[in-house]
Amino acid sequence: MLLFLYTLLLLHQLHTKAGNTLCRMMGDPKYPLISKNGDINIGALFPVHSTETLPSFEFTQKPQPLSCSSMNLRDFRLAQIMIFAIEEINNSESLLPNVSIGYQIYDTCGSRLSTMSAIMGLMNGQEFGGGDKCIGQSPLHAIIGDSESTATVILSRTTGPFKIPVISHSASCECLGNRKDYPSFFRTTASDYHQSRALAYIIKDLGWSWVGAVNSDNEYGNYGMAIFLKIAQEEGICVEYSAKFYRTETEKLQKVVYTIKKSTAKVVVAFVSFLEMGLLIDQLSIQNITGLQMIGVKSWITSENYITPNSFRVLGGSLGFAMRKINIEGFSDYVTKAFWETAIPCLYLEGISSQYALSCRRYEDLLVLKNYNEDVTEHRYSANVYEAVYAVAHSLHSLLKCKEQEGCEKGLTIQPQQVVEALKKVNFTVKFGDRVWFDSTGATVAQYEIVNWQQNSDGSFQFKPVGYYDASLPPDQRFVLNTENIIWAGGKLQKPRSVCSESCPPGTRKATQKGRPVCCYDCIPCAEGEISNETDSNNCKQCPEEYWSNAEKNKCVLKAVEFLSFTEVMGIVLVFFSLFGVGLTALVAFLFYSKRDTPIVKANNSELSFLLLFSLTLCFLCSLTFIGRPTEWSCMLRHTAFGITFVLCISCVLGKTIVVLMAFKATLPGSDVMKWFGPEQQRLSVLAFTLIQVLICVLWLTISPPFPYKNMKYYHEKIILECSLGSTIGFWAVLVYIGLLAVLCFILAFLARTLPDNFNEAKFITFSMLIFCAVWITFIPGYVSSPGKFTVAVEIFAILASSIGLLFCIFAPKCYIILCKPEQNTKQHMMGKRTLSPT
């Protein structure tokens with residue numbers, strides 16, 4: 001308990017002692033480059049110089065102050081526009097009428113070390129009275145700057161705990177939009193989120209899918225490039241390489257240049273800060289790397305410093321997004337006269353050489369610009385600085401309760417946090433027409449001009465506007481690019497191509513190459529039955545069932561329909577043989593009719609012979625029903641006609657076979673068998689056998705008849721139009737019944753083979769049935785294995801072959817005797833009677 005009380009007492013004494021401590025500067029003060037006192041003071045950070053020289057850190061003596069060199073004209077102009085705006089406000093009778101604004105402008109030399117030193121100088125001030133206590137309050141009400149995102153991050157993080165508002169004119173890093181980390185940060189430029197998206201859109205719009213990417217290794221470049229890469233991936237843009245470097249990293253810069261040189265991408269996105277871009281241009285010129293289409297950002301794309309004959313050889317035709325060019329009335333005259341009279345007072349001491357030398361030594365490199373104003377119109381950030389100063393003035397105007405006639409209440413104490421809250425509410429219009437207000441992230445609306453590096457006929461260079469991007473417009477109107485006004489890399493009028501792989505034409509699809517980005521692919525022809533009718537199609541589409549791909553694989557066309565037609569060679573040949581068979585049968589019938597009274601015709605049962613010839617004619621004709629486009633009626637007719645006519649034919653042959661057997665048996669003594677199988681029984685047997693087949697066919701047609709069918713399974717590329725059997729049982733019942741009759745006929749004829757030689761009808765029937773069965777046995781495997789129209793051709797061939805076999809085997813010998821051996825056409829010869837020779 002005693003220890004705790006002792007600790008509290010010690011802490012109280014230390015606090016009392018610290019409260020009485022006077023403010024005093026530790027080390028040498030950091031002086032502003034340009035300053036002026038006023039009732040209210042505004043600080044500013046600009047990299048007026050771009051090169052910093054570090055002193056020796058050997059610790060043998062006190063280190064010398066940092067030395068800055070290499071004049072940065074662009075940011076010097078920004079410092080001038082700030083002073084110009086402050087002078088306008090100080091002379092205004094409506095804005096802060098009786099309050100003067102002072103300023104302290106520090107040079108950051110484009111380095112982080114100098115930036116931190118300048119921030120400390122801004123926040124501490126330079127003079128401390130003897131009685132002043134350290135109250136922890138900055139002498140500034142707001143800070144303008146910095147030009148770069150990295151320096152602005154350092155500035156905002158340092159001033160954040162003190163709630164000092166920071167208003168940047170060009171720090172566009174998306175990271176600064178985080179209100180949790182940077183609650184008192186504002187900017188009169190837009191976030192790089194919009195610029196990064198716009199970069200992806202312009203590349204997509206120009207048809208480039210293969211690009212390189214280079215960025216500064218700082219907040220501006222890293223955040224901006226990260227957003228671009230994300231959007232590029234969403235838009236199908238491939239990045240061959242993404243390299244980065246910082247201005248002090250010479251080796252990394254060399255690697256970046258080597259990467260650019262060896263790459264195949266013809267388009268390079270350079271999300272690079274102003275100072276890094278100068279170093280990159282120098283190295284590209286040294287390496288003589290030309291012909292690249294550079295896509296730039298607002299930090300460097302409109303820099304007058306960089307568009308020279310040497311750099312134009314490397315970067316001519318560059319495209320990029322720039323801040324809008326706004327001419328501020330009166331500023332051009334101000335930079336050559338009023339500025340030097342008010343901001344650089346040493347000029348009045350020219351008569352006193354010693355004082356002049358002492359006061360103006362640090363302005364030596366600035367004084368050479370005293371009469372130069374040709375670059376003023378191209379400085380596009382001037383309006384942003386101008387608006388930033390006026391935003392601070394309007395917020396102070398409301399806090400000091402200023403009235404146009406009565407003035408402002410000077411006695412009010414304004415805390416930095418109050419300025420922050422007032423800035424959130426500002427909404428005014430400057431003299432050149434822009435409305436100034438800050439969104440929830442502290443930024444303004446994104447409005448960019450798209451410019452193109454071009455060379456005029458007189459050899460001069462210009463940043464020609466070729467489009468714009470305005471985030472305040474509807475999405476379909478935000479981006480406009482006039483490609484006909486663009487001069488491309490190398491001074492060419494034709495847009496360069498930058499792709500990893502050429503576009504895949506219709507009829508092919510993209511197949512990504514293993515281990516490479518999606519923009520690198522091979523073009524694979526679509527498979528049979530698939531098409532792609534677009535360029536760079538990722539997949540081929542399957543054609544509908546009745547369609548097939550054409551030869552180019554870019555269109556689905558109706559599949560070819562295949563069936564055995566009358567017009568093709570095979571159909572013509574089969575029709576010929578069918579009609580030939582009909583004609584031959586008709587000739588035989590005519591011959592038999594003309595010789596109907598001769599013994600050979602009578603002996604062979606002329607009635608069954610004529611019925612057989614009639615049925616053979618029908619068999620030849622039914623083959624014609626298999627040719628032609630299948631229809632519902634033709635499908636039913638072809639199979640039933642085939643089945644019935646062949647049964648009629650076999651029935652007749654069977655009747656003739658039985659007659660032969662009966663005739664042989666009748667010759668035996670005491671036999672009366674012929675009365676059981678006379679002409680009436682023969683007719684009834686033929687009719688009965690045929691009616692059974694008719695009944696089978698009727699049942700088949702009733703239950704499940706054949707029908708036209710589009711067979712798309714056998715061939716993918718064409719449709720086989722065929723007759724589906726309907727009921728396979730019905731089809732095979734018809735065939736089996738024909739087969740049974742044929743086998744029965746064959747057996748009976750085979751049993752009659754021992755008849756007398758002269759009476760050889762049974763032998764011919766046996767041989768005809770042998771041919772018939774052989775044809776139809778071989779038909780079955782041929783029918784099953786033949787594709788498409790050949791199936792029908794095999795069936796027709798079987799019909800014709802078996803019909804011709806029956807015709808020739810049964811009737812050819814008889815016709816031979818009638819025509820060539822009429823002497824044998826006698827009853828005596830037919831009965832086999834011979835004259836016996838003497839023994």
# chains A, B, ... in the order shown; residues from 1 in each chain; ligands from 1
>>> select_by_dssp(residues="range 387-476 of chain A", states="alpha helix (DSSP H)", output="PyMOL selection string")
chain A and resi 387-399+416-423
>>> residues_around(residues="Thr290 in chain A", least_positions_apart="6", cutoff="9 Å", atoms="only C-alpha atoms", output="list of chain:residue names")
A:Leu284, A:Arg313, A:Val314, A:Leu315, A:Gly316, A:Ala489, A:Gly490
>>> residues_around(residues="Gly507 in chain A", least_positions_apart="2", cutoff="12 Å", atoms="only C-alpha atoms", output="ChimeraX atom specification")
/A:503-505,509-510,523-542,549-556
>>> write_last_selection(atoms="C-alpha atoms", output="PDB file, in the first residue's frame")
ATOM      1  CA  SER A 503      -8.229 -15.300 -82.151  1.00  0.00           C
ATOM      2  CA  CYS A 504      -9.818 -18.665 -82.718  1.00  0.00           C
ATOM      3  CA  PRO A 505     -12.100 -18.462 -85.780  1.00  0.00           C
ATOM      4  CA  ARG A 509     -12.676 -23.527 -79.530  1.00  0.00           C
ATOM      5  CA  LYS A 510     -10.025 -22.252 -77.168  1.00  0.00           C
ATOM      6  CA  CYS A 523      -7.439 -23.346 -81.322  1.00  0.00           C
ATOM      7  CA  ILE A 524      -8.972 -26.822 -81.388  1.00  0.00           C
ATOM      8  CA  PRO A 525     -11.450 -27.688 -84.185  1.00  0.00           C
ATOM      9  CA  CYS A 526     -14.889 -28.599 -82.930  1.00  0.00           C
ATOM     10  CA  ALA A 527     -15.761 -32.283 -82.899  1.00  0.00           C
ATOM     11  CA  GLU A 528     -18.139 -33.756 -85.430  1.00  0.00           C
ATOM     12  CA  GLY A 529     -21.675 -32.648 -84.697  1.00  0.00           C
ATOM     13  CA  GLU A 530     -20.511 -29.585 -82.732  1.00  0.00           C
ATOM     14  CA  ILE A 531     -20.133 -25.978 -83.843  1.00  0.00           C
ATOM     15  CA  SER A 532     -18.903 -22.615 -82.660  1.00  0.00           C
ATOM     16  CA  ASN A 533     -20.283 -19.637 -84.516  1.00  0.00           C
ATOM     17  CA  GLU A 534     -18.363 -16.989 -82.572  1.00  0.00           C
ATOM     18  CA  THR A 535     -14.756 -15.874 -82.524  1.00  0.00           C
ATOM     19  CA  ASP A 536     -12.801 -17.028 -79.463  1.00  0.00           C
ATOM     20  CA  SER A 537     -15.461 -19.458 -78.329  1.00  0.00           C
ATOM     21  CA  ASN A 538     -14.610 -21.300 -75.119  1.00  0.00           C
ATOM     22  CA  ASN A 539     -16.795 -24.274 -75.920  1.00  0.00           C
ATOM     23  CA  CYS A 540     -18.382 -25.893 -78.925  1.00  0.00           C
ATOM     24  CA  LYS A 541     -22.148 -26.344 -78.940  1.00  0.00           C
ATOM     25  CA  GLN A 542     -23.797 -29.635 -79.770  1.00  0.00           C
ATOM     26  CA  SER A 549     -22.153 -29.552 -88.297  1.00  0.00           C
ATOM     27  CA  ASN A 550     -21.062 -28.348 -91.721  1.00  0.00           C
ATOM     28  CA  ALA A 551     -17.519 -28.767 -93.011  1.00  0.00           C
ATOM     29  CA  GLU A 552     -16.404 -25.476 -91.424  1.00  0.00           C
ATOM     30  CA  LYS A 553     -17.998 -26.442 -88.072  1.00  0.00           C
ATOM     31  CA  ASN A 554     -19.588 -23.011 -87.779  1.00  0.00           C
ATOM     32  CA  LYS A 555     -23.192 -23.850 -88.619  1.00  0.00           C
ATOM     33  CA  CYS A 556     -25.661 -26.624 -87.917  1.00  0.00           C
TER      34      CYS A 556
END
>>> atom_distance(atom1="CA of Thr308 in chain A", atom2="CA of Val499 in chain A")
29.7 Å
>>> residues_around(residues="Gly805 in chain A", least_positions_apart="6", cutoff="9 Å", atoms="only C-alpha atoms", output="list in words")
Phe767, Ser768, Met769, Ile771 and Phe772 of chain A
>>> write_last_selection(atoms="all heavy atoms", output="PDB file, in the first residue's frame")
ATOM      1  N   PHE A 767     -33.517 -78.889-105.681  1.00  0.00           N
ATOM      2  CA  PHE A 767     -32.429 -77.943-105.929  1.00  0.00           C
ATOM      3  C   PHE A 767     -32.909 -76.498-105.720  1.00  0.00           C
ATOM      4  O   PHE A 767     -32.191 -75.660-105.168  1.00  0.00           O
ATOM      5  CB  PHE A 767     -31.901 -78.139-107.354  1.00  0.00           C
ATOM      6  CG  PHE A 767     -30.619 -77.393-107.602  1.00  0.00           C
ATOM      7  CD1 PHE A 767     -29.480 -77.666-106.858  1.00  0.00           C
ATOM      8  CD2 PHE A 767     -30.551 -76.415-108.595  1.00  0.00           C
ATOM      9  CE1 PHE A 767     -28.306 -76.991-107.088  1.00  0.00           C
ATOM     10  CE2 PHE A 767     -29.371 -75.729-108.823  1.00  0.00           C
ATOM     11  CZ  PHE A 767     -28.240 -76.007-108.083  1.00  0.00           C
ATOM     12  N   SER A 768     -34.146 -76.218-106.159  1.00  0.00           N
ATOM     13  CA  SER A 768     -34.680 -74.865-105.983  1.00  0.00           C
ATOM     14  C   SER A 768     -34.848 -74.530-104.511  1.00  0.00           C
ATOM     15  O   SER A 768     -34.561 -73.402-104.062  1.00  0.00           O
ATOM     16  CB  SER A 768     -36.012 -74.722-106.727  1.00  0.00           C
ATOM     17  OG  SER A 768     -37.014 -75.538-106.133  1.00  0.00           O
ATOM     18  N   MET A 769     -35.322 -75.478-103.711  1.00  0.00           N
ATOM     19  CA  MET A 769     -35.474 -75.234-102.276  1.00  0.00           C
ATOM     20  C   MET A 769     -34.116 -75.097-101.581  1.00  0.00           C
ATOM     21  O   MET A 769     -33.967 -74.366-100.606  1.00  0.00           O
ATOM     22  CB  MET A 769     -36.269 -76.386-101.642  1.00  0.00           C
ATOM     23  CG  MET A 769     -37.756 -76.363-101.959  1.00  0.00           C
ATOM     24  SD  MET A 769     -38.576 -74.865-101.331  1.00  0.00           S
ATOM     25  CE  MET A 769     -38.684 -73.885-102.838  1.00  0.00           C
ATOM     26  N   ILE A 771     -31.437 -73.795-102.954  1.00  0.00           N
ATOM     27  CA  ILE A 771     -31.024 -72.401-103.242  1.00  0.00           C
ATOM     28  C   ILE A 771     -31.823 -71.424-102.387  1.00  0.00           C
ATOM     29  O   ILE A 771     -31.287 -70.467-101.808  1.00  0.00           O
ATOM     30  CB  ILE A 771     -31.199 -72.096-104.736  1.00  0.00           C
ATOM     31  CG1 ILE A 771     -30.223 -72.942-105.570  1.00  0.00           C
ATOM     32  CG2 ILE A 771     -30.996 -70.614-105.004  1.00  0.00           C
ATOM     33  CD1 ILE A 771     -30.402 -72.799-107.057  1.00  0.00           C
ATOM     34  N   PHE A 772     -33.130 -71.659-102.288  1.00  0.00           N
ATOM     35  CA  PHE A 772     -34.000 -70.769-101.517  1.00  0.00           C
ATOM     36  C   PHE A 772     -33.549 -70.683-100.063  1.00  0.00           C
ATOM     37  O   PHE A 772     -33.396 -69.587 -99.490  1.00  0.00           O
ATOM     38  CB  PHE A 772     -35.445 -71.274-101.603  1.00  0.00           C
ATOM     39  CG  PHE A 772     -36.433 -70.373-100.918  1.00  0.00           C
ATOM     40  CD1 PHE A 772     -37.032 -69.325-101.591  1.00  0.00           C
ATOM     41  CD2 PHE A 772     -36.780 -70.586 -99.583  1.00  0.00           C
ATOM     42  CE1 PHE A 772     -37.951 -68.505-100.957  1.00  0.00           C
ATOM     43  CE2 PHE A 772     -37.683 -69.764 -98.948  1.00  0.00           C
ATOM     44  CZ  PHE A 772     -38.274 -68.710 -99.631  1.00  0.00           C
TER      45      PHE A 772
END
>>> residues_around(residues="Trp300 in chain A", least_positions_apart="5", cutoff="9 Å", atoms="only C-alpha atoms", output="JSON, numbers by chain")
{"A": [272, 273, 274, 275, 277, 278, 306, 320, 322]}
>>> write_last_selection(atoms="all heavy atoms", output="PDB file, in the first residue's frame")
ATOM      1  N   VAL A 272       2.852   4.402 -62.875  1.00  0.00           N
ATOM      2  CA  VAL A 272       4.121   4.849 -62.308  1.00  0.00           C
ATOM      3  C   VAL A 272       4.005   6.305 -61.850  1.00  0.00           C
ATOM      4  O   VAL A 272       3.365   7.134 -62.515  1.00  0.00           O
ATOM      5  CB  VAL A 272       5.251   4.719 -63.356  1.00  0.00           C
ATOM      6  CG1 VAL A 272       6.587   5.137 -62.773  1.00  0.00           C
ATOM      7  CG2 VAL A 272       5.320   3.288 -63.873  1.00  0.00           C
ATOM      8  N   SER A 273       4.630   6.603 -60.717  1.00  0.00           N
ATOM      9  CA  SER A 273       4.663   7.976 -60.212  1.00  0.00           C
ATOM     10  C   SER A 273       5.499   8.861 -61.124  1.00  0.00           C
ATOM     11  O   SER A 273       6.278   8.387 -61.959  1.00  0.00           O
ATOM     12  CB  SER A 273       5.228   7.997 -58.794  1.00  0.00           C
ATOM     13  OG  SER A 273       4.439   7.214 -57.922  1.00  0.00           O
ATOM     14  N   PHE A 274       5.344  10.148 -60.927  1.00  0.00           N
ATOM     15  CA  PHE A 274       5.990  11.126 -61.801  1.00  0.00           C
ATOM     16  C   PHE A 274       7.509  10.941 -61.840  1.00  0.00           C
ATOM     17  O   PHE A 274       8.112  10.876 -62.922  1.00  0.00           O
ATOM     18  CB  PHE A 274       5.631  12.531 -61.315  1.00  0.00           C
ATOM     19  CG  PHE A 274       6.278  13.631 -62.101  1.00  0.00           C
ATOM     20  CD1 PHE A 274       5.839  13.952 -63.374  1.00  0.00           C
ATOM     21  CD2 PHE A 274       7.340  14.349 -61.573  1.00  0.00           C
ATOM     22  CE1 PHE A 274       6.440  14.962 -64.102  1.00  0.00           C
ATOM     23  CE2 PHE A 274       7.942  15.359 -62.291  1.00  0.00           C
ATOM     24  CZ  PHE A 274       7.490  15.672 -63.560  1.00  0.00           C
ATOM     25  N   LEU A 275       8.145  10.851 -60.697  1.00  0.00           N
ATOM     26  CA  LEU A 275       9.605  10.795 -60.662  1.00  0.00           C
ATOM     27  C   LEU A 275      10.130   9.459 -61.185  1.00  0.00           C
ATOM     28  O   LEU A 275      11.117   9.409 -61.915  1.00  0.00           O
ATOM     29  CB  LEU A 275      10.102  11.036 -59.242  1.00  0.00           C
ATOM     30  CG  LEU A 275       9.786  12.438 -58.675  1.00  0.00           C
ATOM     31  CD1 LEU A 275      10.260  12.546 -57.235  1.00  0.00           C
ATOM     32  CD2 LEU A 275      10.434  13.516 -59.537  1.00  0.00           C
ATOM     33  N   MET A 277       8.779   7.645 -63.422  1.00  0.00           N
ATOM     34  CA  MET A 277       8.571   7.574 -64.864  1.00  0.00           C
ATOM     35  C   MET A 277       9.739   8.213 -65.610  1.00  0.00           C
ATOM     36  O   MET A 277      10.143   7.732 -66.674  1.00  0.00           O
ATOM     37  CB  MET A 277       7.253   8.244 -65.254  1.00  0.00           C
ATOM     38  CG  MET A 277       6.825   7.932 -66.674  1.00  0.00           C
ATOM     39  SD  MET A 277       6.550   6.156 -66.885  1.00  0.00           S
ATOM     40  CE  MET A 277       6.653   6.011 -68.661  1.00  0.00           C
ATOM     41  N   GLY A 278      10.293   9.271 -65.064  1.00  0.00           N
ATOM     42  CA  GLY A 278      11.450   9.893 -65.700  1.00  0.00           C
ATOM     43  C   GLY A 278      12.627   8.937 -65.782  1.00  0.00           C
ATOM     44  O   GLY A 278      13.315   8.856 -66.813  1.00  0.00           O
ATOM     45  N   TYR A 306       8.579  15.390 -69.912  1.00  0.00           N
ATOM     46  CA  TYR A 306       8.877  14.082 -70.479  1.00  0.00           C
ATOM     47  C   TYR A 306       8.618  13.970 -71.978  1.00  0.00           C
ATOM     48  O   TYR A 306       9.026  12.990 -72.590  1.00  0.00           O
ATOM     49  CB  TYR A 306       8.060  13.003 -69.750  1.00  0.00           C
ATOM     50  CG  TYR A 306       8.430  12.836 -68.300  1.00  0.00           C
ATOM     51  CD1 TYR A 306       7.530  12.299 -67.392  1.00  0.00           C
ATOM     52  CD2 TYR A 306       9.684  13.224 -67.825  1.00  0.00           C
ATOM     53  CE1 TYR A 306       7.856  12.137 -66.051  1.00  0.00           C
ATOM     54  CE2 TYR A 306      10.024  13.090 -66.491  1.00  0.00           C
ATOM     55  CZ  TYR A 306       9.111  12.542 -65.602  1.00  0.00           C
ATOM     56  OH  TYR A 306       9.443  12.394 -64.287  1.00  0.00           O
ATOM     57  N   GLY A 320      -3.297   7.752 -72.308  1.00  0.00           N
ATOM     58  CA  GLY A 320      -3.408   7.754 -70.858  1.00  0.00           C
ATOM     59  C   GLY A 320      -4.493   8.674 -70.357  1.00  0.00           C
ATOM     60  O   GLY A 320      -5.081   9.457 -71.114  1.00  0.00           O
ATOM     61  N   ALA A 322      -5.687  11.721 -67.981  1.00  0.00           N
ATOM     62  CA  ALA A 322      -5.138  12.959 -67.431  1.00  0.00           C
ATOM     63  C   ALA A 322      -6.244  13.747 -66.746  1.00  0.00           C
ATOM     64  O   ALA A 322      -7.429  13.566 -67.036  1.00  0.00           O
ATOM     65  CB  ALA A 322      -4.514  13.798 -68.546  1.00  0.00           C
TER      66      ALA A 322
END
>>> residues_around(residues="Ile804 in chain A", least_positions_apart="3", cutoff="12 Å", atoms="only C-alpha atoms", output="ChimeraX atom specification")
/A:577-585,613,616-617,619-620,768-769,771-772,775,797-801,807-812
>>> closest_residue(among="A:Phe707, A:Phe312, A:Phe331, A:Phe245", to="Val376 in chain A", atoms="only C-alpha atoms")
A:Phe331
>>> atom_distance(atom1="CA of Asn215 in chain A", atom2="CA of Glu378 in chain A")
24.0 Å
>>> residues_around(residues="Asn41 in chain A", least_positions_apart="5", cutoff="9 Å", atoms="only C-alpha atoms", output="list in words")
Lys36, Ser100, Ile101, Gly102, Tyr103, Gln104, Pro139, Leu140, His141 and Ala142 of chain A
>>> closest_residue(among="A:Arg197, A:Arg629, A:Lys763, A:His639", to="Phe731 in chain A", atoms="only C-alpha atoms")
A:His639
>>> closest_residue(among="A:Val214, A:Ala265, A:Leu558, A:Leu618", to="Leu253 in chain A", atoms="only C-alpha atoms")
A:Val214
